[in-house]
file model-v5.cif (mmCIF, C-alpha atoms)
data_run
#
loop_
_atom_site.label_atom_id
_atom_site.label_comp_id
_atom_site.auth_asym_id
_atom_site.auth_seq_id
_atom_site.Cartn_x
_atom_site.Cartn_y
_atom_site.Cartn_z
CA MET A 50 -33.26 -46.99 -7.79
CA THR A 51 -31.19 -44.64 -5.67
CA PRO A 52 -29.64 -41.84 -7.76
CA GLN A 53 -25.86 -41.95 -7.86
CA LYS A 54 -24.14 -39.14 -5.99
CA PRO A 55 -22.07 -36.85 -8.23
CA GLN A 56 -18.33 -37.45 -8.04
CA SER A 57 -15.76 -34.67 -8.01
CA SER A 58 -12.71 -34.91 -10.25
CA PRO A 59 -9.24 -33.42 -9.64
CA LYS A 60 -10.28 -30.68 -12.06
CA ASP A 61 -13.32 -29.83 -9.92
CA PHE A 62 -11.19 -29.74 -6.77
CA PHE A 63 -8.61 -27.46 -8.41
CA LEU A 64 -11.15 -25.04 -9.89
CA HIS A 65 -13.19 -24.65 -6.71
CA LEU A 66 -10.10 -24.31 -4.53
CA LEU A 67 -8.63 -21.71 -6.90
CA ALA A 68 -11.95 -19.82 -6.97
CA THR A 69 -12.07 -19.71 -3.17
CA GLY A 70 -8.43 -18.63 -2.88
CA THR A 71 -8.69 -15.86 -5.45
CA LEU A 72 -11.95 -14.72 -3.85
CA PHE A 73 -10.29 -14.24 -0.46
CA VAL A 74 -7.25 -12.54 -1.99
CA SER A 75 -9.45 -10.21 -4.06
CA VAL A 76 -11.66 -9.27 -1.12
CA VAL A 77 -8.68 -8.55 1.15
CA SER A 78 -6.92 -6.46 -1.52
CA PHE A 79 -10.15 -4.58 -2.24
CA LEU A 80 -10.65 -3.75 1.45
CA VAL A 81 -7.02 -2.70 1.88
CA LEU A 82 -7.43 -0.25 -0.99
CA LEU A 83 -10.64 1.13 0.50
CA PHE A 84 -8.90 1.57 3.86
CA GLN A 85 -6.08 3.56 2.25
CA TYR A 86 -8.50 5.84 0.39
CA ILE A 87 -10.51 6.47 3.55
CA ASP A 88 -7.33 7.26 5.51
CA VAL A 89 -6.39 9.85 2.89
CA LEU A 90 -9.83 11.47 2.75
CA PHE A 91 -10.47 11.35 6.51
CA PRO A 92 -7.07 11.42 8.27
CA ASP A 93 -6.88 10.60 11.95
CA PRO A 94 -4.91 13.29 13.88
CA LEU A 95 -3.54 10.56 16.17
CA ASN A 96 -1.80 8.82 13.28
CA PHE A 97 1.88 9.61 12.90
CA SER A 98 2.17 9.46 9.14
CA LEU A 99 0.84 7.87 5.98
CA LEU A 100 4.20 7.54 4.27
CA GLY A 101 3.63 3.86 3.45
CA ILE A 102 0.35 4.42 1.65
CA SER A 103 1.89 4.52 -1.83
CA GLU A 104 3.54 1.13 -1.43
CA THR A 105 0.39 -0.39 0.07
CA VAL A 106 -1.86 0.91 -2.70
CA ARG A 107 0.55 -0.28 -5.39
CA SER A 108 0.83 -3.75 -3.85
CA SER A 109 -2.92 -4.18 -3.35
CA THR A 110 -3.72 -2.85 -6.83
CA SER A 111 -1.25 -5.26 -8.46
CA THR A 112 -2.74 -8.17 -6.54
CA LEU A 113 -6.28 -7.18 -7.44
CA ILE A 114 -5.47 -6.74 -11.14
CA VAL A 115 -4.23 -10.33 -11.27
CA ALA A 116 -6.43 -12.16 -8.75
CA PHE A 117 -9.86 -10.80 -9.68
CA PRO A 118 -9.76 -11.67 -13.42
CA VAL A 119 -8.59 -15.16 -12.43
CA LEU A 120 -11.59 -15.41 -10.10
CA LEU A 121 -13.96 -14.39 -12.90
CA LEU A 122 -12.38 -16.87 -15.32
CA VAL A 123 -12.45 -19.79 -12.90
CA SER A 124 -16.03 -18.99 -11.87
CA TRP A 125 -17.04 -18.98 -15.53
CA LEU A 126 -15.40 -22.38 -16.06
CA ILE A 127 -17.24 -23.77 -13.04
CA ARG A 128 -20.58 -22.46 -14.29
CA LYS A 129 -19.80 -23.92 -17.72
CA ASP A 130 -19.24 -27.38 -16.21
CA ILE A 131 -22.48 -27.13 -14.21
CA LYS A 132 -24.43 -26.28 -17.35
CA LYS A 133 -23.08 -29.42 -19.00
CA ASP A 134 -23.72 -31.57 -15.93
CA ALA A 135 -26.25 -30.21 -13.41
CA GLY A 136 -25.04 -32.73 -10.86
CA LYS A 137 -21.77 -30.78 -10.56
CA LYS A 138 -23.52 -28.21 -8.37
CA ASP A 139 -23.92 -30.85 -5.66
CA ILE A 140 -20.37 -32.19 -5.52
CA ARG A 141 -18.89 -32.27 -2.05
CA VAL A 142 -15.89 -30.01 -2.67
CA ARG A 143 -18.15 -27.25 -3.98
CA LYS A 144 -20.52 -27.38 -1.03
CA TRP A 145 -17.69 -27.57 1.49
CA LEU A 146 -15.82 -24.57 0.08
CA ILE A 147 -18.98 -22.48 -0.30
CA SER A 148 -19.96 -23.34 3.28
CA PHE A 149 -16.46 -22.36 4.43
CA THR A 150 -16.75 -19.05 2.57
CA LEU A 151 -20.11 -18.40 4.23
CA PHE A 152 -18.55 -19.17 7.61
CA VAL A 153 -15.68 -16.73 7.03
CA ALA A 154 -18.08 -14.01 5.83
CA ALA A 155 -20.35 -14.51 8.86
CA ILE A 156 -17.44 -14.48 11.33
CA THR A 157 -16.04 -11.36 9.66
CA GLY A 158 -19.37 -9.57 9.99
CA ILE A 159 -19.73 -10.57 13.64
CA GLY A 160 -16.17 -9.54 14.42
CA ASP A 161 -16.75 -6.25 12.65
CA LEU A 162 -19.74 -5.46 14.84
CA VAL A 163 -17.79 -6.37 17.98
CA THR A 164 -14.98 -4.03 16.85
CA ILE A 165 -17.46 -1.18 16.32
CA ILE A 166 -18.83 -1.53 19.85
CA TYR A 167 -15.35 -1.91 21.37
CA ASN A 168 -13.97 1.21 19.69
CA TYR A 169 -17.11 3.20 20.42
CA LEU A 170 -16.76 2.42 24.14
CA GLY A 171 -13.11 3.48 23.93
CA GLY A 172 -13.94 6.81 22.28
CA GLU A 173 -12.18 5.91 19.03
CA LEU A 174 -15.14 5.88 16.66
CA THR A 175 -13.70 8.33 14.13
CA THR A 176 -15.14 8.96 10.68
CA ALA A 177 -12.37 6.94 9.05
CA PHE A 178 -12.84 4.00 11.40
CA ALA A 179 -16.62 4.05 10.96
CA LEU A 180 -16.31 4.05 7.15
CA GLN A 181 -13.72 1.28 7.17
CA THR A 182 -15.87 -0.85 9.46
CA ILE A 183 -18.94 -0.30 7.32
CA SER A 184 -16.89 -1.25 4.25
CA VAL A 185 -15.95 -4.57 5.83
CA LEU A 186 -19.54 -5.19 6.93
CA ILE A 187 -21.00 -4.45 3.49
CA THR A 188 -18.35 -6.51 1.67
CA ALA A 189 -18.86 -9.48 3.98
CA GLY A 190 -22.62 -9.12 3.53
CA ILE A 191 -22.33 -9.11 -0.27
CA VAL A 192 -20.12 -12.21 -0.26
CA PHE A 193 -22.44 -13.97 2.19
CA GLY A 194 -25.56 -13.05 0.19
CA TYR A 195 -24.05 -14.17 -3.11
CA TYR A 196 -22.92 -17.58 -1.88
CA ILE A 197 -25.98 -18.35 0.20
CA THR A 198 -28.02 -17.68 -2.94
CA ASP A 199 -25.69 -19.86 -4.97
CA LEU A 200 -25.83 -22.67 -2.41
CA ARG A 201 -29.63 -22.62 -2.22
CA ASP A 202 -29.88 -22.44 -5.99
CA THR A 203 -32.60 -19.77 -5.79
CA LYS A 204 -30.95 -17.41 -8.26
CA LYS A 205 -32.92 -15.64 -10.89
CA LYS A 206 -32.06 -15.41 -14.54
CA TYR A 207 -28.84 -13.50 -15.30
CA PHE A 208 -27.88 -13.68 -11.60
CA TYR A 209 -24.28 -14.65 -12.33
CA SER A 210 -23.90 -12.23 -15.23
CA TYR A 211 -25.14 -9.25 -13.23
CA SER A 212 -22.95 -10.26 -10.28
CA ALA A 213 -19.87 -10.53 -12.49
CA TYR A 214 -20.50 -7.21 -14.29
CA GLY A 215 -21.31 -5.38 -11.06
CA SER A 216 -18.27 -6.64 -9.16
CA ALA A 217 -16.00 -5.98 -12.15
CA ALA A 218 -17.25 -2.39 -12.40
CA LEU A 219 -16.70 -1.86 -8.68
CA ILE A 220 -13.17 -3.28 -8.82
CA LEU A 221 -12.34 -1.16 -11.87
CA VAL A 222 -13.50 2.04 -10.15
CA THR A 223 -11.47 1.12 -7.06
CA ILE A 224 -8.32 0.54 -9.11
CA ILE A 225 -8.74 3.78 -11.08
CA ALA A 226 -9.20 5.68 -7.81
CA GLY A 227 -5.78 4.41 -6.78
CA PHE A 228 -4.12 6.47 -9.49
CA GLY A 229 -5.66 9.55 -7.88
CA VAL A 230 -3.92 8.63 -4.63
CA ILE A 231 -0.49 7.43 -5.76
CA GLY A 232 -0.37 8.92 -9.26
CA SER A 233 0.49 7.31 -12.59
CA PRO A 234 3.43 4.91 -13.09
CA THR A 235 5.41 7.88 -14.45
CA THR A 236 4.71 9.84 -11.28
CA GLN A 237 5.74 6.85 -9.20
CA ARG A 238 9.07 6.62 -11.00
CA GLU A 239 9.69 10.32 -10.42
CA ARG A 240 8.83 9.87 -6.76
CA ARG A 241 11.34 7.03 -6.48
CA PHE A 242 14.03 9.28 -7.97
CA ASP A 243 13.09 11.97 -5.45
CA ASP A 244 13.23 9.48 -2.58
CA GLN A 245 16.74 8.53 -3.66
CA ARG A 246 17.73 12.21 -3.85
CA ASN A 247 16.40 12.70 -0.34
CA ASN A 248 18.38 9.72 0.93
CA ASP A 249 21.51 10.93 -0.84
CA LEU A 250 21.30 14.36 0.79
CA GLN A 251 20.97 12.76 4.21
CA ILE A 252 24.05 10.62 3.52
CA ILE A 253 26.01 13.70 2.41
CA ARG A 254 24.83 15.56 5.49
CA SER A 255 26.28 12.74 7.63
CA GLN A 256 29.56 12.75 5.69
CA ILE A 257 29.98 16.50 6.11
CA ASN A 258 29.26 16.22 9.81
CA GLU A 259 31.83 13.44 10.19
CA TYR A 260 34.40 15.46 8.22
CA TYR A 261 33.84 18.48 10.48
CA ASN A 262 34.34 16.44 13.65
CA MET A 263 37.64 15.18 12.28
CA THR A 264 38.98 18.50 10.99
CA SER A 265 37.04 21.13 12.98
CA LYS A 266 36.04 22.84 9.75
CA LEU A 267 33.58 22.48 6.90
CA PRO A 268 34.83 21.32 3.47
CA ALA A 269 35.03 24.04 0.84
CA THR A 270 33.55 21.58 -1.67
CA LEU A 271 32.22 18.05 -1.44
CA ASN A 272 35.31 16.82 -3.27
CA GLU A 273 37.42 17.67 -0.19
CA ILE A 274 35.80 14.82 1.75
CA PRO A 275 38.23 11.86 1.61
CA THR A 276 35.91 9.15 0.35
CA LYS A 277 38.57 6.42 0.56
CA LEU A 278 39.02 7.07 4.27
CA PHE A 279 35.27 7.03 4.98
CA GLY A 280 34.68 3.96 2.82
CA TYR A 281 32.05 5.45 0.50
CA THR A 282 31.76 7.95 -2.32
CA ILE A 283 29.75 11.14 -2.48
CA PRO A 284 26.33 10.33 -4.03
CA GLN A 285 25.26 12.01 -7.26
CA ASP A 286 21.81 12.73 -8.64
CA PRO A 287 20.44 9.26 -9.61
CA GLU A 288 18.79 10.58 -12.77
CA THR A 289 21.14 13.26 -14.14
CA LYS A 290 24.39 12.03 -12.48
CA ALA A 291 25.13 15.66 -11.59
CA GLU A 292 26.70 16.62 -8.27
CA TYR A 293 24.41 17.91 -5.55
CA GLU A 294 24.70 21.57 -4.60
CA TYR A 295 26.62 22.35 -1.41
CA HIS A 296 27.13 25.81 0.09
CA GLN A 297 28.84 26.78 3.31
CA LYS A 298 26.79 29.40 5.16
CA THR A 299 28.65 29.93 8.46
CA ALA A 300 31.52 28.25 10.26
CA ASP A 301 29.26 25.37 11.33
CA THR A 302 26.21 25.55 9.06
CA PHE A 303 25.80 24.57 5.42
CA GLU A 304 23.18 24.12 2.73
CA LEU A 305 22.39 21.15 0.47
CA CYS A 306 20.17 21.55 -2.60
CA ALA A 307 18.53 19.27 -5.16
CA ASP A 308 15.90 19.46 -7.91
CA PHE A 309 12.77 17.45 -7.04
CA HIS A 310 10.00 16.47 -9.46
CA THR A 311 7.29 15.58 -6.93
CA LYS A 312 6.00 16.84 -3.62
CA SER A 313 6.75 14.91 -0.45
CA LEU A 314 3.85 12.81 0.76
CA GLU A 315 4.44 14.44 4.14
CA LEU A 316 3.27 17.74 2.63
CA SER A 317 -0.09 16.36 1.55
CA GLU A 318 -2.85 18.39 3.12
CA SER A 319 -4.57 15.22 4.27
CA THR A 320 -1.49 13.62 5.81
CA PRO A 321 -1.02 14.33 9.52
CA PHE A 322 2.78 14.47 9.46
CA LYS A 323 4.61 16.18 12.30
CA ILE A 324 8.22 17.17 12.86
CA TYR A 325 9.12 16.30 16.42
CA PRO A 326 12.03 17.73 18.46
CA GLY A 327 15.29 16.21 17.28
CA MET A 328 13.94 15.35 13.82
CA GLU A 329 15.25 17.06 10.71
CA ASP A 330 12.73 18.21 8.15
CA TRP A 331 13.54 16.82 4.69
CA THR A 332 10.16 17.53 3.09
CA HIS A 333 10.13 19.22 -0.29
CA ASN A 334 7.89 20.53 -3.05
CA ALA A 335 8.17 19.74 -6.76
CA GLU A 336 10.97 22.28 -7.25
CA ARG A 337 14.56 23.08 -6.40
CA THR A 338 14.76 22.77 -2.63
CA CYS A 339 17.59 23.66 -0.27
CA PHE A 340 18.06 22.32 3.26
CA THR A 341 20.08 24.26 5.82
CA ARG A 342 21.83 22.06 8.38
CA ALA A 343 23.97 22.71 11.43
CA ILE A 344 26.89 20.60 12.52
CA VAL A 345 26.28 18.21 15.41
CA LYS A 346 29.58 18.46 17.22
CA ASN A 347 31.26 15.40 18.69
CA PRO A 348 32.49 16.12 22.24
CA TYR A 349 35.44 13.82 21.54
CA PRO A 350 36.62 14.70 18.01
CA VAL A 351 38.89 12.28 16.19
CA PRO A 352 41.65 13.95 14.18
CA LEU A 353 41.68 13.19 10.47
CA VAL A 354 44.74 11.30 9.31
CA ARG A 355 45.35 11.55 5.56
#

call {"tool": "encode", "arguments": {"input": "model-v5.cif", "output": "structure tokens"}}
result
Amino acid sequence: MTPQKPQSSPKDFFLHLLATGTLFVSVVSFLVLLFQYIDVLFPDPLNFSLLGISETVRSSTSTLIVAFPVLLLVSWLIRKDIKKDAGKKDIRVRKWLISFTLFVAAITGIGDLVTIIYNYLGGELTTAFALQTISVLITAGIVFGYYITDLRDTKKKYFYSYSAYGSAALILVTIIAGFGVIGSPTTQRERRFDDQRNNDLQIIRSQINEYYNMTSKLPATLNEIPTKLFGYTIPQDPETKAEYEYHQKTADTFELCADFHTKSLELSESTPFKIYPGMEDWTHNAERTCFTRAIVKNPYPVPLVR
């Protein structure tokens, strides 16, 4: 009598599809985090800036914190079903999705090797690039090795337990390392306040410049700027609601000051940030910082009508 082929239920389809999806999301988030850490530790002088690293690390960490536990839970449920019914390991949806995962891992590894050769021939094989490429190659190899073993059913005792504990430990270390790069949630909130202060000072700088071009003089205080005419109000410190410091230095130069709690990412020793001609430097340390600015005169001034 021919043995009946195992049938997959909607539950099987959902669990295996969810496991595959969370696997891909977890792997991508994990690699993105590794890339950011490598960029910080081994900066490329040709890069302009790493100002977006904080947002990228926070986004990838949040995704990993949610997706990876879901992957572990769903994988455990799948293994639980297989223990109850050994035929579940041969259902079509499981073999198709595992085969697809193996295909993606193999293509990723091949593409990674092609990228190594291409960049080497172009003289771009930096330390950061080499480490990032190796990270992709090793990760793809681990995924490929795990699922080919699972598909062949040649695993040894405790194979799944060791795999789960090992991957969980690796993910945990990666997430903890992120706090060393972007800081704690408290530090992140302080940085957001400082970013707003920086933006406010740039807005005030523009308002003062516009006022000068209309009156041919600097305001004695920020309150002299007619906010109704310009259509906006003078920003205040987002945390303390205090007015920003403004001091006139010469007839066409002035100073704006604010108290910052964190250091600009641009000042990080590992960040290759450059101030190019025409750019204004708004970097700051974790202290009271003043910025001296000169008026950019309009060749065709518009008189101010009160």

call {"tool": "resolve_selection", "arguments": {"input": "model-v5.cif", "expression": "the PyMOL selection byres ((chain A and resi 265-267) around 10)", "output": "list in words"}}
result
Ile257, Asn258, Glu259, Tyr260, Tyr261, Asn262, Met263, Thr264, Pro268, Ala269, Thr270, Leu271, Glu273, Ile274, His296, Gln297, Lys298, Thr299, Ala300, Asp301, Thr302, Phe303, Ile344, Lys346, Asn347, Pro350, Val351, Pro352 and Leu353 of chain A

call {"tool": "residues_near_point", "arguments": {"input": "model-v5.cif", "point": "(27.5, 14.0, -2.1)", "cutoff": "9 Å", "atoms": "all atoms listed in the file", "output": "ChimeraX atom specification"}}
result
/A:249-250,252-254,256-257,271-272,282-286,292-295

call {"tool": "residues_around", "arguments": {"input": "model-v5.cif", "residues": "Gly158 (chain A)", "least_positions_apart": "4", "cutoff": "9 Å", "atoms": "all atoms listed in the file", "output": "short mmCIF file (atom, residue, chain, number, x, y, z; two decimals) with C-alpha atoms, in the coordinates of the input"}}
result
data_model
loop_
_atom_site.label_atom_id
_atom_site.label_comp_id
_atom_site.auth_asym_id
_atom_site.auth_seq_id
_atom_site.Cartn_x
_atom_site.Cartn_y
_atom_site.Cartn_z
CA VAL A 153 -15.68 -16.73 7.03
CA ALA A 154 -18.08 -14.01 5.83
CA LEU A 162 -19.74 -5.46 14.84
CA VAL A 163 -17.79 -6.37 17.98
CA VAL A 185 -15.95 -4.57 5.83
CA LEU A 186 -19.54 -5.19 6.93
CA ILE A 187 -21.00 -4.45 3.49
CA THR A 188 -18.35 -6.51 1.67
CA ALA A 189 -18.86 -9.48 3.98
CA GLY A 190 -22.62 -9.12 3.53
#

call {"tool": "resolve_selection", "arguments": {"input": "model-v5.cif", "expression": "the PyMOL selection byres ((chain A and resi 126) around 12)", "output": "PyMOL selection string"}}
result
chain A and resi 60-61+63-65+67-68+119-125+127-133+137

call {"tool": "write_last_selection", "arguments": {"input": "model-v5.cif", "atoms": "C-alpha atoms", "output": "PDB file, keeping the file's coordinate frame"}}
result
ATOM      1  CA  LYS A  60     -10.280 -30.680 -12.060  1.00  0.00           C
ATOM      2  CA  ASP A  61     -13.320 -29.830  -9.920  1.00  0.00           C
ATOM      3  CA  PHE A  63      -8.610 -27.460  -8.410  1.00  0.00           C
ATOM      4  CA  LEU A  64     -11.150 -25.040  -9.890  1.00  0.00           C
ATOM      5  CA  HIS A  65     -13.190 -24.650  -6.710  1.00  0.00           C
ATOM      6  CA  LEU A  67      -8.630 -21.710  -6.900  1.00  0.00           C
ATOM      7  CA  ALA A  68     -11.950 -19.820  -6.970  1.00  0.00           C
ATOM      8  CA  VAL A 119      -8.590 -15.160 -12.430  1.00  0.00           C
ATOM      9  CA  LEU A 120     -11.590 -15.410 -10.100  1.00  0.00           C
ATOM     10  CA  LEU A 121     -13.960 -14.390 -12.900  1.00  0.00           C
ATOM     11  CA  LEU A 122     -12.380 -16.870 -15.320  1.00  0.00           C
ATOM     12  CA  VAL A 123     -12.450 -19.790 -12.900  1.00  0.00           C
ATOM     13  CA  SER A 124     -16.030 -18.990 -11.870  1.00  0.00           C
ATOM     14  CA  TRP A 125     -17.040 -18.980 -15.530  1.00  0.00           C
ATOM     15  CA  ILE A 127     -17.240 -23.770 -13.040  1.00  0.00           C
ATOM     16  CA  ARG A 128     -20.580 -22.460 -14.290  1.00  0.00           C
ATOM     17  CA  LYS A 129     -19.800 -23.920 -17.720  1.00  0.00           C
ATOM     18  CA  ASP A 130     -19.240 -27.380 -16.210  1.00  0.00           C
ATOM     19  CA  ILE A 131     -22.480 -27.130 -14.210  1.00  0.00           C
ATOM     20  CA  LYS A 132     -24.430 -26.280 -17.350  1.00  0.00           C
ATOM     21  CA  LYS A 133     -23.080 -29.420 -19.000  1.00  0.00           C
ATOM     22  CA  LYS A 137     -21.770 -30.780 -10.560  1.00  0.00           C
TER      23      LYS A 137
END

call {"tool": "atom_distance", "arguments": {"input": "model-v5.cif", "atom1": "CA of Leu151 (chain A)", "atom2": "CA of Thr105 (chain A)"}}
result
27.6 Å

call {"tool": "decode", "arguments": {"input": "model-v5.cif", "residues": "region 76-91 of chain A", "atoms": "N, CA and C atoms", "output": "PDB file, in the first residue's frame"}}
result
ATOM      1  N   VAL A  76      17.720  38.729   9.270  1.00  0.00           N
ATOM      2  CA  VAL A  76      19.052  38.680   8.662  1.00  0.00           C
ATOM      3  C   VAL A  76      19.428  40.040   8.081  1.00  0.00           C
ATOM      4  N   VAL A  77      18.494  40.668   7.387  1.00  0.00           N
ATOM      5  CA  VAL A  77      18.772  41.987   6.794  1.00  0.00           C
ATOM      6  C   VAL A  77      19.047  43.013   7.888  1.00  0.00           C
ATOM      7  N   SER A  78      18.236  43.035   8.942  1.00  0.00           N
ATOM      8  CA  SER A  78      18.436  43.987  10.037  1.00  0.00           C
ATOM      9  C   SER A  78      19.765  43.735  10.738  1.00  0.00           C
ATOM     10  N   PHE A  79      20.102  42.477  10.927  1.00  0.00           N
ATOM     11  CA  PHE A  79      21.373  42.109  11.554  1.00  0.00           C
ATOM     12  C   PHE A  79      22.556  42.610  10.728  1.00  0.00           C
ATOM     13  N   LEU A  80      22.490  42.415   9.417  1.00  0.00           N
ATOM     14  CA  LEU A  80      23.589  42.858   8.546  1.00  0.00           C
ATOM     15  C   LEU A  80      23.680  44.378   8.477  1.00  0.00           C
ATOM     16  N   VAL A  81      22.541  45.045   8.478  1.00  0.00           N
ATOM     17  CA  VAL A  81      22.544  46.515   8.473  1.00  0.00           C
ATOM     18  C   VAL A  81      23.235  47.042   9.723  1.00  0.00           C
ATOM     19  N   LEU A  82      22.943  46.434  10.869  1.00  0.00           N
ATOM     20  CA  LEU A  82      23.601  46.849  12.107  1.00  0.00           C
ATOM     21  C   LEU A  82      25.104  46.613  12.023  1.00  0.00           C
ATOM     22  N   LEU A  83      25.504  45.447  11.537  1.00  0.00           N
ATOM     23  CA  LEU A  83      26.937  45.173  11.402  1.00  0.00           C
ATOM     24  C   LEU A  83      27.605  46.191  10.487  1.00  0.00           C
ATOM     25  N   PHE A  84      26.955  46.544   9.408  1.00  0.00           N
ATOM     26  CA  PHE A  84      27.513  47.523   8.467  1.00  0.00           C
ATOM     27  C   PHE A  84      27.737  48.865   9.155  1.00  0.00           C
ATOM     28  N   GLN A  85      26.763  49.285   9.979  1.00  0.00           N
ATOM     29  CA  GLN A  85      26.900  50.576  10.663  1.00  0.00           C
ATOM     30  C   GLN A  85      28.055  50.545  11.651  1.00  0.00           C
ATOM     31  N   TYR A  86      28.194  49.450  12.391  1.00  0.00           N
ATOM     32  CA  TYR A  86      29.283  49.345  13.360  1.00  0.00           C
ATOM     33  C   TYR A  86      30.636  49.366  12.658  1.00  0.00           C
ATOM     34  N   ILE A  87      30.723  48.667  11.548  1.00  0.00           N
ATOM     35  CA  ILE A  87      31.983  48.623  10.797  1.00  0.00           C
ATOM     36  C   ILE A  87      32.313  50.003  10.241  1.00  0.00           C
ATOM     37  N   ASP A  88      31.297  50.729   9.758  1.00  0.00           N
ATOM     38  CA  ASP A  88      31.536  52.080   9.234  1.00  0.00           C
ATOM     39  C   ASP A  88      32.065  53.014  10.315  1.00  0.00           C
ATOM     40  N   VAL A  89      31.586  52.824  11.549  1.00  0.00           N
ATOM     41  CA  VAL A  89      32.047  53.666  12.651  1.00  0.00           C
ATOM     42  C   VAL A  89      33.481  53.314  13.040  1.00  0.00           C
ATOM     43  N   LEU A  90      33.781  52.033  13.115  1.00  0.00           N
ATOM     44  CA  LEU A  90      35.109  51.585  13.547  1.00  0.00           C
ATOM     45  C   LEU A  90      36.171  51.763  12.464  1.00  0.00           C
ATOM     46  N   PHE A  91      35.762  51.638  11.197  1.00  0.00           N
ATOM     47  CA  PHE A  91      36.709  51.749  10.086  1.00  0.00           C
ATOM     48  C   PHE A  91      36.144  52.706   9.035  1.00  0.00           C
TER      49      PHE A  91
END
